[in-house]
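Raw contents of work-v7.pdb, PDB, C-alpha atoms:
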ATOM      1  CA  MET A  27      80.924  90.565  99.966
ATOM      2  CA  GLU A  28      79.564  88.659  97.007
ATOM      3  CA  HIS A  29      81.602  85.753  95.694
ATOM      4  CA  THR A  30      83.440  86.061  92.376
ATOM      5  CA  GLN A  31      84.435  82.847  90.665
ATOM      6  CA  VAL A  32      86.867  81.921  87.919
ATOM      7  CA  SER A  33      87.740  78.436  86.677
ATOM      8  CA  PHE A  34      90.734  76.919  84.905
ATOM      9  CA  PRO A  35      89.879  73.826  82.813
ATOM     10  CA  GLY A  36      92.671  71.483  81.781
ATOM     11  CA  SER A  37      93.355  70.415  78.187
ATOM     12  CA  LEU A  38      91.612  67.042  78.522
ATOM     13  CA  SER A  39      88.289  65.596  77.317
ATOM     14  CA  ARG A  40      85.116  67.683  77.628
ATOM     15  CA  VAL A  41      83.917  65.731  80.686
ATOM     16  CA  GLU A  42      87.363  65.892  82.274
ATOM     17  CA  LYS A  43      87.574  69.630  81.533
ATOM     18  CA  ALA A  44      84.246  70.247  83.245
ATOM     19  CA  SER A  45      85.326  68.215  86.262
ATOM     20  CA  ARG A  46      88.660  70.056  86.454
ATOM     21  CA  ALA A  47      86.941  73.439  86.153
ATOM     22  CA  ARG A  48      84.609  72.614  89.048
ATOM     23  CA  SER A  49      87.442  71.359  91.247
ATOM     24  CA  ASN A  50      89.681  74.396  90.548
ATOM     25  CA  ALA A  51      87.015  77.124  90.810
ATOM     26  CA  LEU A  52      88.093  80.014  93.029
ATOM     27  CA  SER A  53      85.986  82.387  95.102
ATOM     28  CA  VAL A  54      86.841  85.529  97.058
ATOM     29  CA  ALA A  55      85.085  86.757 100.189
ATOM     30  CA  LEU A  56      85.709  88.274 103.594
ATOM     31  CA  ALA A  57      86.176  85.867 106.509
ATOM     32  CA  ARG A  58      82.890  85.448 108.357
ATOM     33  CA  ASN A  59      84.100  83.969 111.642
ATOM     34  CA  MET A  60      87.202  83.159 113.678
ATOM     35  CA  GLU A  61      87.635  79.726 112.115
ATOM     36  CA  GLU A  62      87.976  81.337 108.703
ATOM     37  CA  VAL A  63      90.438  83.865 110.163
ATOM     38  CA  ARG A  64      92.478  80.919 111.471
ATOM     39  CA  GLU A  65      92.553  79.462 107.967
ATOM     40  CA  ALA A  66      94.165  82.710 106.791
ATOM     41  CA  GLN A  67      96.598  82.634 109.723
ATOM     42  CA  ARG A  68      97.511  79.035 108.918
ATOM     43  CA  LEU A  69      98.300  79.916 105.295
ATOM     44  CA  ARG A  70     100.325  82.932 106.440
ATOM     45  CA  PHE A  71     102.356  80.707 108.755
ATOM     46  CA  GLN A  72     103.013  78.232 105.942
ATOM     47  CA  VAL A  73     104.274  80.988 103.622
ATOM     48  CA  PHE A  74     106.037  83.348 106.031
ATOM     49  CA  ALA A  75     107.522  80.917 108.569
ATOM     50  CA  GLU A  76     107.905  77.575 106.797
ATOM     51  CA  GLU A  77     108.730  78.896 103.315
ATOM     52  CA  MET A  78     110.413  82.240 104.019
ATOM     53  CA  GLY A  79     111.911  81.525 107.449
ATOM     54  CA  ALA A  80     110.280  84.364 109.401
ATOM     55  CA  GLN A  81     110.850  84.158 113.158
ATOM     56  CA  LEU A  82     107.282  84.580 114.391
ATOM     57  CA  VAL A  83     106.435  85.061 118.051
ATOM     58  CA  SER A  84     103.350  82.888 117.490
ATOM     59  CA  ALA A  85     105.332  80.018 115.923
ATOM     60  CA  SER A  86     104.362  77.429 118.558
ATOM     61  CA  SER A  87     100.701  77.714 117.502
ATOM     62  CA  GLY A  88     101.370  76.964 113.834
ATOM     63  CA  LEU A  89      99.623  80.236 113.025
ATOM     64  CA  ASP A  90     100.817  83.714 112.098
ATOM     65  CA  GLN A  91      98.805  85.911 114.422
ATOM     66  CA  ASP A  92      99.112  89.202 116.264
ATOM     67  CA  GLU A  93      96.979  91.764 118.079
ATOM     68  CA  PHE A  94      95.841  93.402 114.828
ATOM     69  CA  ASP A  95      94.046  90.305 113.535
ATOM     70  CA  SER A  96      91.068  90.837 115.837
ATOM     71  CA  VAL A  97      90.327  94.324 114.459
ATOM     72  CA  CYS A  98      91.028  93.580 110.785
ATOM     73  CA  ASP A  99      88.905  92.204 107.982
ATOM     74  CA  HIS A 100      90.445  89.182 106.284
ATOM     75  CA  LEU A 101      90.023  88.681 102.544
ATOM     76  CA  LEU A 102      90.178  85.016 101.499
ATOM     77  CA  VAL A 103      90.497  83.303  98.140
ATOM     78  CA  ARG A 104      89.285  79.728  98.390
ATOM     79  CA  ASN A 105      89.435  76.706  96.097
ATOM     80  CA  THR A 106      85.743  75.860  96.107
ATOM     81  CA  GLY A 107      86.436  72.269  95.109
ATOM     82  CA  SER A 108      88.772  71.413  97.982
ATOM     83  CA  GLY A 109      87.618  74.175 100.342
ATOM     84  CA  GLU A 110      91.242  75.219 100.907
ATOM     85  CA  VAL A 111      92.167  78.870 101.468
ATOM     86  CA  VAL A 112      94.860  79.625  98.871
ATOM     87  CA  GLY A 113      95.282  83.390  99.180
ATOM     88  CA  THR A 114      94.677  86.127 101.720
ATOM     89  CA  TYR A 115      94.982  89.838 102.446
ATOM     90  CA  ARG A 116      94.511  91.542 105.812
ATOM     91  CA  ILE A 117      92.556  94.819 105.723
ATOM     92  CA  LEU A 118      92.618  97.480 108.451
ATOM     93  CA  SER A 119      89.998 100.199 108.063
ATOM     94  CA  PRO A 120      90.675 103.747 109.323
ATOM     95  CA  GLU A 121      87.976 103.335 111.980
ATOM     96  CA  GLN A 122      89.553 100.148 113.337
ATOM     97  CA  ALA A 123      93.035 101.669 113.156
ATOM     98  CA  ALA A 124      91.824 104.487 115.404
ATOM     99  CA  ARG A 125      90.287 101.915 117.750
ATOM    100  CA  ILE A 126      93.541  99.965 118.211
ATOM    101  CA  GLY A 127      95.710 103.076 118.326
ATOM    102  CA  GLY A 128      97.204 103.228 114.834
ATOM    103  CA  TYR A 129      98.104 101.289 111.731
ATOM    104  CA  TYR A 130     100.311  98.196 111.823
ATOM    105  CA  SER A 131     102.885  99.891 109.612
ATOM    106  CA  GLU A 132     103.378 102.647 112.193
ATOM    107  CA  GLN A 133     105.597 100.150 114.001
ATOM    108  CA  GLU A 134     108.000 100.547 111.064
ATOM    109  CA  PHE A 135     107.351 104.047 109.718
ATOM    110  CA  ASP A 136     106.578 107.569 110.886
ATOM    111  CA  LEU A 137     103.318 108.252 109.038
ATOM    112  CA  GLY A 138     102.927 111.814 110.269
ATOM    113  CA  ARG A 139     102.648 113.336 106.795
ATOM    114  CA  LEU A 140      99.749 111.001 105.951
ATOM    115  CA  THR A 141      97.613 112.359 108.819
ATOM    116  CA  PRO A 142      95.314 114.345 106.463
ATOM    117  CA  LEU A 143      94.492 111.097 104.628
ATOM    118  CA  ARG A 144      93.701 108.927 107.650
ATOM    119  CA  SER A 145      89.907 109.203 107.616
ATOM    120  CA  GLY A 146      89.808 107.577 104.185
ATOM    121  CA  MET A 147      92.957 105.426 104.255
ATOM    122  CA  VAL A 148      92.790 101.613 104.358
ATOM    123  CA  GLU A 149      95.875  99.572 105.243
ATOM    124  CA  ILE A 150      96.479  96.199 103.637
ATOM    125  CA  GLY A 151      99.087  93.646 104.608
ATOM    126  CA  ARG A 152      99.991  90.007 105.263
ATOM    127  CA  SER A 153      99.431  89.251 101.578
ATOM    128  CA  CYS A 154     100.293  85.690 100.624
ATOM    129  CA  VAL A 155      99.380  83.031  98.082
ATOM    130  CA  HIS A 156      99.745  79.263  98.380
ATOM    131  CA  PRO A 157     102.782  78.070  96.351
ATOM    132  CA  ASP A 158     100.579  75.952  94.078
ATOM    133  CA  TYR A 159      98.459  78.964  93.055
ATOM    134  CA  ARG A 160     100.930  81.659  92.035
ATOM    135  CA  GLY A 161      99.944  81.950  88.395
ATOM    136  CA  GLY A 162      98.158  85.286  88.844
ATOM    137  CA  ALA A 163      94.496  84.287  89.204
ATOM    138  CA  VAL A 164      94.547  84.471  93.016
ATOM    139  CA  ILE A 165      96.165  87.921  93.060
ATOM    140  CA  THR A 166      93.591  89.134  90.531
ATOM    141  CA  LEU A 167      90.772  87.952  92.775
ATOM    142  CA  LEU A 168      92.371  89.525  95.850
ATOM    143  CA  TRP A 169      92.649  92.868  94.057
ATOM    144  CA  SER A 170      89.037  92.578  92.897
ATOM    145  CA  GLY A 171      88.035  91.936  96.502
ATOM    146  CA  LEU A 172      90.000  94.980  97.639
ATOM    147  CA  ALA A 173      88.337  97.104  94.956
ATOM    148  CA  ASP A 174      84.933  95.909  96.167
ATOM    149  CA  TYR A 175      85.864  96.786  99.754
ATOM    150  CA  LEU A 176      86.986 100.304  98.804
ATOM    151  CA  ARG A 177      83.891 100.903  96.671
ATOM    152  CA  ARG A 178      81.436  99.696  99.306
ATOM    153  CA  HIS A 179      82.944 101.832 102.075
ATOM    154  CA  ASP A 180      83.914 104.817  99.903
ATOM    155  CA  TYR A 181      87.564 104.871 101.016
ATOM    156  CA  ASN A 182      89.964 106.990  98.971
ATOM    157  CA  TYR A 183      93.441 105.626  99.768
ATOM    158  CA  LEU A 184      95.065 102.217  99.995
ATOM    159  CA  MET A 185      98.420 101.805 101.708
ATOM    160  CA  GLY A 186     100.620  98.980 102.884
ATOM    161  CA  CYS A 187     104.104  97.505 102.947
ATOM    162  CA  ALA A 188     105.607  95.464 100.115
ATOM    163  CA  SER A 189     108.496  93.300 101.278
ATOM    164  CA  VAL A 190     111.827  92.426  99.708
ATOM    165  CA  ASP A 191     113.838  89.526 101.126
ATOM    166  CA  MET A 192     117.135  90.469 102.788
ATOM    167  CA  ALA A 193     118.872  87.103 102.491
ATOM    168  CA  ASP A 194     121.661  88.889 100.588
ATOM    169  CA  GLY A 195     122.150  91.422 103.372
ATOM    170  CA  GLY A 196     119.926  94.072 101.788
ATOM    171  CA  HIS A 197     121.723  94.718  98.495
ATOM    172  CA  THR A 198     118.697  93.788  96.378
ATOM    173  CA  ALA A 199     116.427  96.082  98.400
ATOM    174  CA  ALA A 200     118.894  98.965  98.128
ATOM    175  CA  ASN A 201     119.341  98.469  94.392
ATOM    176  CA  LEU A 202     115.585  98.322  93.928
ATOM    177  CA  TYR A 203     115.111 101.602  95.778
ATOM    178  CA  HIS A 204     117.806 103.285  93.695
ATOM    179  CA  LYS A 205     116.147 101.915  90.548
ATOM    180  CA  LEU A 206     112.628 103.076  91.376
ATOM    181  CA  HIS A 207     112.793 106.189  93.529
ATOM    182  CA  ALA A 208     113.401 108.674  90.716
ATOM    183  CA  GLU A 209     110.267 107.561  88.852
ATOM    184  CA  VAL A 210     107.692 106.467  91.440
ATOM    185  CA  LEU A 211     108.548 108.304  94.671
ATOM    186  CA  SER A 212     105.492 109.932  96.197
ATOM    187  CA  PRO A 213     104.926 113.686  96.365
ATOM    188  CA  VAL A 214     106.834 115.144  99.321
ATOM    189  CA  GLU A 215     103.639 115.676 101.332
ATOM    190  CA  TRP A 216     103.031 111.895 101.293
ATOM    191  CA  ARG A 217     106.538 110.921 102.337
ATOM    192  CA  VAL A 218     107.052 108.495 105.275
ATOM    193  CA  PHE A 219     110.201 107.812 107.283
ATOM    194  CA  PRO A 220     111.514 104.388 108.361
ATOM    195  CA  ARG A 221     112.125 103.841 112.069
ATOM    196  CA  VAL A 222     114.922 101.363 111.237
ATOM    197  CA  PRO A 223     116.221 102.552 107.853
ATOM    198  CA  LEU A 224     118.504 100.494 105.654
ATOM    199  CA  PRO A 225     121.990 101.998 105.164
ATOM    200  CA  LEU A 226     121.309 102.503 101.466
ATOM    201  CA  PHE A 227     124.580 104.344 100.840
ATOM    202  CA  ARG A 228     126.525 101.236 101.924
ATOM    203  CA  LEU A 229     124.346  98.521 100.380
ATOM    204  CA  GLY A 230     123.757  99.558  96.776
ATOM    205  CA  ASN A 231     126.120  97.789  94.364
ATOM    206  CA  ASP A 232     124.587  98.777  90.984
ATOM    207  CA  ALA A 233     123.644  95.171  90.188
ATOM    208  CA  LYS A 234     120.622  94.782  87.926
ATOM    209  CA  VAL A 235     117.496  93.926  89.868
ATOM    210  CA  SER A 236     113.991  92.866  88.859
ATOM    211  CA  THR A 237     110.999  94.516  90.471
ATOM    212  CA  PRO A 238     109.176  91.908  92.615
ATOM    213  CA  PRO A 239     105.682  90.964  91.363
ATOM    214  CA  LEU A 240     103.840  92.514  94.326
ATOM    215  CA  ILE A 241     105.586  95.889  93.982
ATOM    216  CA  LYS A 242     105.188  95.723  90.205
ATOM    217  CA  GLY A 243     101.470  95.143  90.727
ATOM    218  CA  TYR A 244     101.166  98.179  92.973
ATOM    219  CA  LEU A 245     103.030 100.359  90.491
ATOM    220  CA  ARG A 246     100.917  99.202  87.553
ATOM    221  CA  VAL A 247      97.735 100.439  89.207
ATOM    222  CA  GLY A 248      99.350 103.804  89.969
ATOM    223  CA  ALA A 249     100.776 103.478  93.486
ATOM    224  CA  TYR A 250     103.759 105.398  94.825
ATOM    225  CA  ILE A 251     106.722 104.360  96.958
ATOM    226  CA  CYS A 252     106.541 106.740  99.918
ATOM    227  CA  GLY A 253     110.228 106.830 100.856
ATOM    228  CA  GLU A 254     113.167 104.684 101.863
ATOM    229  CA  PRO A 255     112.516 101.093 103.009
ATOM    230  CA  SER A 256     112.468  99.950 106.623
ATOM    231  CA  TRP A 257     114.121  96.807 107.980
ATOM    232  CA  ASP A 258     111.667  94.320 109.505
ATOM    233  CA  SER A 259     113.798  92.098 111.733
ATOM    234  CA  GLU A 260     111.007  89.593 112.483
ATOM    235  CA  PHE A 261     110.565  88.749 108.810
ATOM    236  CA  ASN A 262     114.147  89.672 107.804
ATOM    237  CA  CYS A 263     112.946  91.784 104.917
ATOM    238  CA  ALA A 264     113.007  95.360 103.701
ATOM    239  CA  ASP A 265     109.552  96.921 103.621
ATOM    240  CA  PHE A 266     108.620  99.538 101.040
ATOM    241  CA  MET A 267     105.644 101.698 101.984
ATOM    242  CA  MET A 268     103.222 101.878  99.051
ATOM    243  CA  LEU A 269     100.332 104.342  98.728
ATOM    244  CA  LEU A 270      97.565 104.329  96.115
ATOM    245  CA  SER A 271      95.069 107.135  95.569
ATOM    246  CA  VAL A 272      91.878 105.532  94.259
ATOM    247  CA  LYS A 273      91.018 108.738  92.378
ATOM    248  CA  GLN A 274      94.407 108.696  90.641
ATOM    249  CA  MET A 275      94.368 104.961  89.962
ATOM    250  CA  ASN A 276      95.492 103.906  86.492
ATOM    251  CA  GLU A 277      92.293 104.104  84.421
ATOM    252  CA  GLN A 278      92.772 100.761  82.680
ATOM    253  CA  TYR A 279      93.188  98.880  85.954
ATOM    254  CA  ALA A 280      90.475 100.884  87.681
ATOM    255  CA  ARG A 281      87.973  99.717  85.039
ATOM    256  CA  HIS A 282      89.266  96.147  85.260
ATOM    257  CA  PHE A 283      89.074  95.730  89.036
ATOM    258  CA  MET A 284      86.090  97.947  89.748
ATOM    259  CA  ASN A 285      84.041  96.185  87.053
ATOM    260  CA  LYS A 286      84.877  92.806  88.578
ATOM    261  CA  ALA A 287      83.894  94.123  91.998
ATOM    262  CA  ALA A 288      80.583  95.623  90.882
TER     263      ALA A 288
END
Could I get this structure in the form of structure tokens?
Amino acid sequence: MEHTQVSFPGSLSRVEKASRARSNALSVALARNMEEVREAQRLRFQVFAEEMGAQLVSASSGLDQDEFDSVCDHLLVRNTGSGEVVGTYRILSPEQAARIGGYYSEQEFDLGRLTPLRSGMVEIGRSCVHPDYRGGAVITLLWSGLADYLRRHDYNYLMGCASVDMADGGHTAANLYHKLHAEVLSPVEWRVFPRVPLPLFRLGNDAKVSTPPLIKGYLRVGAYICGEPSWDSEFNCADFMMLLSVKQMNEQYARHFMNKAA
């Protein structure tokens, strides 16, 4: 994958602006070796375990890693000044999913109705951004990298889980589902079913809830929610299955991301 760069100069003198722009330049590319994969795993551990409190089975290593990492591609956004990886996405192609015996999300959902899509369906997951880089530029680069990946391999569907924290016992997740399902629920033939469903009828309390940025981002490009959320006990979150048809992608965002990827 070719590198895409964007810089963010500070409001200082011209020389200082140029120096700041060089030091804060960002690039996006697929990991080329295991050391770069470990950089992604280290960032994931920092965000998921240290920041969010996930109980990871790999905690003693200081990395977030599982058996899927070895068959996935890993998209990295890097600060080219410091060399630090500041954002990542894990990508599982349909060919590699068949090789390992299924998609990661099949641990949480029955994906039987998506069987006709499998040959062209890419799964993304483990999305995270370093806390110092959450202004939007990193996510934009990650999405541009995903668009490049889909274009190069001619895949038609993008799917993955978007998580909602369950620190409040699941009320926010339930309220969010009740808020969104009438407008953005997938067609019935693309519906999935959680293996450990939330008891939505007991959790919803009609409190106003904001759509999390990641889910909002999916919805803006034209993705669907494919059914009720599943409870992920390891990460103590509710996972919403999202599915995007590249052919039905919002035209404005399709031009934006595909042009950046070209």
Can you work out the spacing between atom CA of A:Asp90 and atom CA of A:Leu176 in Å, to one decimal?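 Computed distance, atom CA of A:Asp90 to atom CA of A:Leu176, equals 25.4 Å.
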Applied to the shown file, which residues does the PyMOL selection byres ((chain A and resi 57-68) around 12) return, written as a ChimeraX atom specification? /A:27-29,53-56,69-76,82,84-92,94-104,109-117,152-156,171
Pick from A:Asn231, A:Ser256, A:Ser271, A:Ser145: nearest to A:Gln122, with all atoms listed in the file counted?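 Among the listed residues, the smallest separation from A:Gln122 belongs to A:Ser145.
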Selection under test: the PyMOL selection byres ((chain A and resi 194-207) around 7); residues as a VMD selection string: chain A and resid 190 192 to 193 208 to 211 226 229 to 233 235 237 264
Could you tell me how far atom CA of A:Gly146 sits from atom CA of A:Arg177, in Å to one decimal place?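 Interatomic distance here is 11.7 Å.
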Env of A:Pro223: 10 Å cut, atoms = only C-alpha atoms, seq-sep filter 4 positions within chain, self excluded. Answer as an mmCIF file with C-alpha atoms, keeping the file's coordinate frame.
data_model
loop_
_atom_site.group_PDB
_atom_site.id
_atom_site.type_symbol
_atom_site.label_atom_id
_atom_site.label_comp_id
_atom_site.auth_asym_id
_atom_site.auth_seq_id
_atom_site.Cartn_x
_atom_site.Cartn_y
_atom_site.Cartn_z
ATOM 1 C CA GLU A 134 108.000 100.547 111.064
ATOM 2 C CA PHE A 135 107.351 104.047 109.718
ATOM 3 C CA PHE A 219 110.201 107.812 107.283
ATOM 4 C CA GLU A 254 113.167 104.684 101.863
ATOM 5 C CA PRO A 255 112.516 101.093 103.009
ATOM 6 C CA SER A 256 112.468 99.950 106.623
ATOM 7 C CA TRP A 257 114.121 96.807 107.980
ATOM 8 C CA ASP A 258 111.667 94.320 109.505
ATOM 9 C CA ALA A 264 113.007 95.360 103.701
ATOM 10 C CA ASP A 265 109.552 96.921 103.621
#
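Of the residues listed (A:Arg221, A:Leu52, A:Ser236, A:Leu270), A:Leu52 shows the shortest atom-to-atom separation from A:Thr166; distances use all atoms listed in the file.
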Judged by all atoms listed in the file, the minimum distance to A:Thr141 among A:Trp216, A:Tyr250, A:Trp169, A:Phe261 is found for A:Trp216
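Straight-line separation from atom CA of A:Tyr129 to atom CA of A:Glu149: 7.1 Å.
Of the residues listed (A:Leu184, A:Leu140, A:Leu245, A:Val222), A:Leu184 shows the shortest atom-to-atom separation from A:Leu269; distances use only C-alpha atoms.
Remark: for A:Arg139, the closest of the candidate residues A:Val214, A:Val83, A:Val247, A:Val272 is A:Val214 (distances computed over all atoms listed in the file).
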Taking all atoms listed in the file into account, which of A:Ile251, A:Cys187, A:Met275, A:Leu240 comes nearest A:Pro213?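 Among A:Ile251, A:Cys187, A:Met275, A:Leu240, it is A:Ile251 that comes nearest to A:Pro213.
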Going by the chain IDs and residue numbers used in this file, which residues fall under the PyMOL selection byres ((chain A and resi 179) around 12)? Write them as a short mmCIF file (atom, residue, chain, number, x, y, z; two decimals) with C-alpha atoms, in the frame of the given file.
data_model
loop_
_atom_site.label_atom_id
_atom_site.label_comp_id
_atom_site.auth_asym_id
_atom_site.auth_seq_id
_atom_site.Cartn_x
_atom_site.Cartn_y
_atom_site.Cartn_z
CA MET A 27 80.92 90.56 99.97
CA SER A 119 90.00 100.20 108.06
CA PRO A 120 90.68 103.75 109.32
CA GLU A 121 87.98 103.34 111.98
CA SER A 145 89.91 109.20 107.62
CA GLY A 146 89.81 107.58 104.18
CA MET A 147 92.96 105.43 104.26
CA VAL A 148 92.79 101.61 104.36
CA LEU A 172 90.00 94.98 97.64
CA ALA A 173 88.34 97.10 94.96
CA ASP A 174 84.93 95.91 96.17
CA TYR A 175 85.86 96.79 99.75
CA LEU A 176 86.99 100.30 98.80
CA ARG A 177 83.89 100.90 96.67
CA ARG A 178 81.44 99.70 99.31
CA ASP A 180 83.91 104.82 99.90
CA TYR A 181 87.56 104.87 101.02
CA ASN A 182 89.96 106.99 98.97
CA TYR A 183 93.44 105.63 99.77
#
